[in-house]
Amino acid sequence: MPNVICWFRQDLRLLDNPALTDAAAAGSVLPVYILDDENAGEHAMGGASRWWLHHSLNSLSSALGDNLAVYQGDPLPILQQLITEHDISAVFWNRCYEPWRIDRDRTIKETLEQSGIEVETSNGSLLWEPWETVKADGDPYRVFSPFFRKGCVKAHPPREPLPKPESLSLIKVTEHQGVDALSLLPTIPWHEQFEPHWQISESAAHQRLQEFLAQGIHDYKEGRNFPAKKNVSRLSPSLHFGEVSPNQVWYAAKSMHSGNDLEHFLSELGWREFSNNLLYFFPHLPEKNLQAKFDAFPWRDDAEALERWQRGMTGYPIVDAGMRELWQTGYMHNRVRMIVGSFLVKNLLLHWRHGERWFWDTLVDADLANNSASWQWVAGSGADAAPYFRIFNPITQGQKFDPDGTYTRHYIPELKDVPDKYLFNPWDAPPAILEKAGVELGSTYPEPIVDVKASRESALAAFQSLKANVNG
DNA sequence: TGAAATGTTGGGGCG
DNA sequence: ACGCCCCAACATTTC
């Protein structure tokens with residue numbers, strides 16, 4: 001049996017792992033993980049993601065009998081050294097789709113092949129790879145619905161999940177760094193509050209999936225809008241790191257359900273595909289407006305407002321609840337992501353990149369494709385984006401989607417005794433009611449940072465000026 | 001995967 | 001019985 005490497009990246013699982021399956025069939029497998037901050041540049045993993053990765057790597061290594069060889073640095077020389085030391089004849093990995101990884105991996109593949117090493121790459125992370133989903137004329141889709149219906153679902157069914165490799169003969173390496181040496185945990189114990197909210201392993205991801213399919217998916221279409229309800233899957237971090245594959249989720253959901261709730265859930269997987277598709281064809285998506293006319297947008301520069309938004313101190317309870325959920329759990333419910341995003345961009349008039357950067361650092365599910373595509377969607381500068389005039393009102397959004405205040409009061413305990421009627425606009429409450437609730441605006445909870453009505457109007461004016469610039 | 005302004009309709013109170 | 005006004009409840013338009 002030849003010796004081969006299985007290079008784990010965003011596929012930290014044993015089931016439905018094409019690269020691992022192929023490697024196991026080819027020979028004795030040296031399983032490797034390499035933390036690469038060198039090639040990532042400004043897209044190096046954020047803090048919350050590193051915390052997740054720390055636990056996920058420990059789980060994976062333990063599932064491999066503590067045989068995962070862990071390194072840090074530029075992967076090419078590390079792989080070359082391993083190839084020499086262990087007489088490796090082939091390297092297997094599942095493809096990643098961030099521009100910097102594509103460039104890096106292309107170089108690695110070419111270099112290794114030139115030195116006579118076999119390199120085999122597979123699709124382990126997407127239902128449809130970007131180059132499969134182009135329009136008839138070869139251009140990529142820019143609108144979600146036709147992309148998903150025609151480009152994806154109609155084209156061909158996703159690959160069916162693979163079982164765990166039948167036999168897996170592992171090569172033991174003792175001189176690697178180990179997970180702890182990667183120093184993935186924050187030095188300030190910010191992450192300790194994450195712990196109660198997450199179980200991080202391949203089997204935990206499957207448990208989460210099964211629980212969602214048994215319960216949360218019922219009424220998904222409506223219930224997913226309510227952050228206090230348990231109608232969202234919360235699988236995003238596991239999909240990002242690959243503890244579960246989209247193929248496994250896709251087929252498990254289809255085998256158990258049908259109808260509207262299923263269709264809407266599958267289309268959320270579709271948005272993940274769409275984001276990856278956009279990033280692939282528009283590699284500057286994380287930095288540059290997809291619609292160039294937004295380059296002229298008169299963003300404000302206001303460090304204090306940004307910090308109040310980050311800390312959940314804007315004085316708008318539904319916004320602050322979301323931002324505090326993010327800080328405390330590494331996650332935010334999707335409805336609330338849209339609300340806080342709209343607030344940053346359209347009420348505070350701060351550049352969407354500030355939001356993108358903050359989410360990148362604080363989300364356990366931070367994903368370059370999803371994060372940048374979604375921020376551009378919110379800002380209106382992206383593909384198939386929310387039109388610029390779609391500005392969420394944080395008061396009515398709160399009243400609509402957290403009607404009894406369960407979610408908001410959980411994250412904003414200082415407002416827990418404010419009656420529903422004033423929970424989302426406490427400044428309108430009669431002084432006696434605030435006093436009774438133990439609230440003193442400006443002291444126990446902030447005054448609103450901006451007036452929604454006025455800031456909405458200046459946002460519309462700003463977008464209007466953009467239009468004028470383009471037309472003349 | 002909006003919100004606000006404006007328009008329309010229809011029931012009820014009232015002279 | 002009738003017109004008029006008010007206003008809620010929708011519907012449409014506009015940003």
# chains A, B, ... in the order shown; residues from 1 in each chain; ligands from 1
call {"tool": "select_by_dssp", "arguments": {"residues": "range 122-325 of chain A", "states": "alpha helix (DSSP H)", "output": "VMD selection string"}}
result
chain A and resid 144 to 146 202 to 211 220 to 223 236 to 241 246 to 256 260 to 281 303 to 311 317 to 325
call {"tool": "interface_residues", "arguments": {"of": "chain B", "to": "chain A", "cutoff": "10 Å", "atoms": "only C-alpha atoms (C1' of nucleotides)", "output": "ChimeraX atom specification"}}
result
/B:1-3
call {"tool": "atom_distance", "arguments": {"atom1": "CA of Asn123 in chain A", "atom2": "CA of Gly46 in chain A"}}
result
24.7 Å
call {"tool": "atom_distance", "arguments": {"atom1": "CA of Gly322 in chain A", "atom2": "CA of Ala437 in chain A"}}
result
21.7 Å
call {"tool": "residues_around", "arguments": {"residues": "DA5 in chain B", "least_positions_apart": "4", "cutoff": "12 Å", "atoms": "only C-alpha atoms (C1' of nucleotides)", "output": "short mmCIF file (atom, residue, chain, number, x, y, z; two decimals) with C-alpha atoms (C1' of nucleotides), in the first residue's frame"}}
result
data_model
loop_
_atom_site.label_atom_id
_atom_site.label_comp_id
_atom_site.auth_asym_id
_atom_site.auth_seq_id
_atom_site.Cartn_x
_atom_site.Cartn_y
_atom_site.Cartn_z
"C1'" DT C 12 -51.68 50.74 -4.56
"C1'" DT C 13 -47.91 53.67 -5.24
"C1'" DT C 14 -43.68 55.66 -4.12
"C1'" DC C 15 -39.32 55.94 -2.02
#
call {"tool": "atom_distance", "arguments": {"atom1": "CA of Gly151 in chain A", "atom2": "CA of Gln291 in chain A"}}
result
22.2 Å
call {"tool": "residues_around", "arguments": {"residues": "Pro286 in chain A", "least_positions_apart": "4", "cutoff": "12 Å", "atoms": "only C-alpha atoms (C1' of nucleotides)", "output": "PyMOL selection string"}}
result
chain A and resi 42-43+98-100+275-276+278-280+282+290+352-357+360+367-377+381-382
call {"tool": "closest_residue", "arguments": {"among": "A:Glu304, A:Glu447, A:Glu457, A:Glu132", "to": "chain C", "atoms": "only C-alpha atoms (C1' of nucleotides)"}}
result
A:Glu457
call {"tool": "residues_around", "arguments": {"residues": "Thr408 in chain A", "least_positions_apart": "6", "cutoff": "7 Å", "atoms": "only C-alpha atoms (C1' of nucleotides)", "output": "tab-separated table (two decimals) with C-alpha atoms, in the first residue's frame"}}
result
chain	number	residue	atom	x	y	z
A	317	PRO	CA	-33.70	47.21	21.48
A	318	ILE	CA	-34.08	44.75	18.61
A	321	ALA	CA	-30.44	42.34	21.18
call {"tool": "residues_around", "arguments": {"residues": "DC7 in chain C", "least_positions_apart": "4", "cutoff": "12 Å", "atoms": "only C-alpha atoms (C1' of nucleotides)", "output": "mmCIF file with C-alpha atoms (C1' of nucleotides), in the first residue's frame"}}
result
data_model
loop_
_atom_site.group_PDB
_atom_site.id
_atom_site.type_symbol
_atom_site.label_atom_id
_atom_site.label_comp_id
_atom_site.auth_asym_id
_atom_site.auth_seq_id
_atom_site.Cartn_x
_atom_site.Cartn_y
_atom_site.Cartn_z
ATOM 1 C "C1'" DT B 9 -63.984 51.107 -0.179
ATOM 2 C "C1'" DG B 10 -67.621 50.321 2.874
ATOM 3 C "C1'" DG B 11 -69.959 50.430 7.333
ATOM 4 C "C1'" DG B 12 -71.869 53.243 10.861
ATOM 5 C "C1'" DG B 13 -73.205 57.573 13.134
#
call {"tool": "select_by_dssp", "arguments": {"residues": "range 81-217 of chain A", "states": "strand (DSSP E)", "output": "PyMOL selection string"}}
result
chain A and resi 88-94+118-122
call {"tool": "residues_around", "arguments": {"residues": "range 29-32 of chain A", "least_positions_apart": "2", "cutoff": "8 Å", "atoms": "only C-alpha atoms (C1' of nucleotides)", "output": "ChimeraX atom specification"}}
result
/A:3-8,23-24,27,34,67-71,168-173
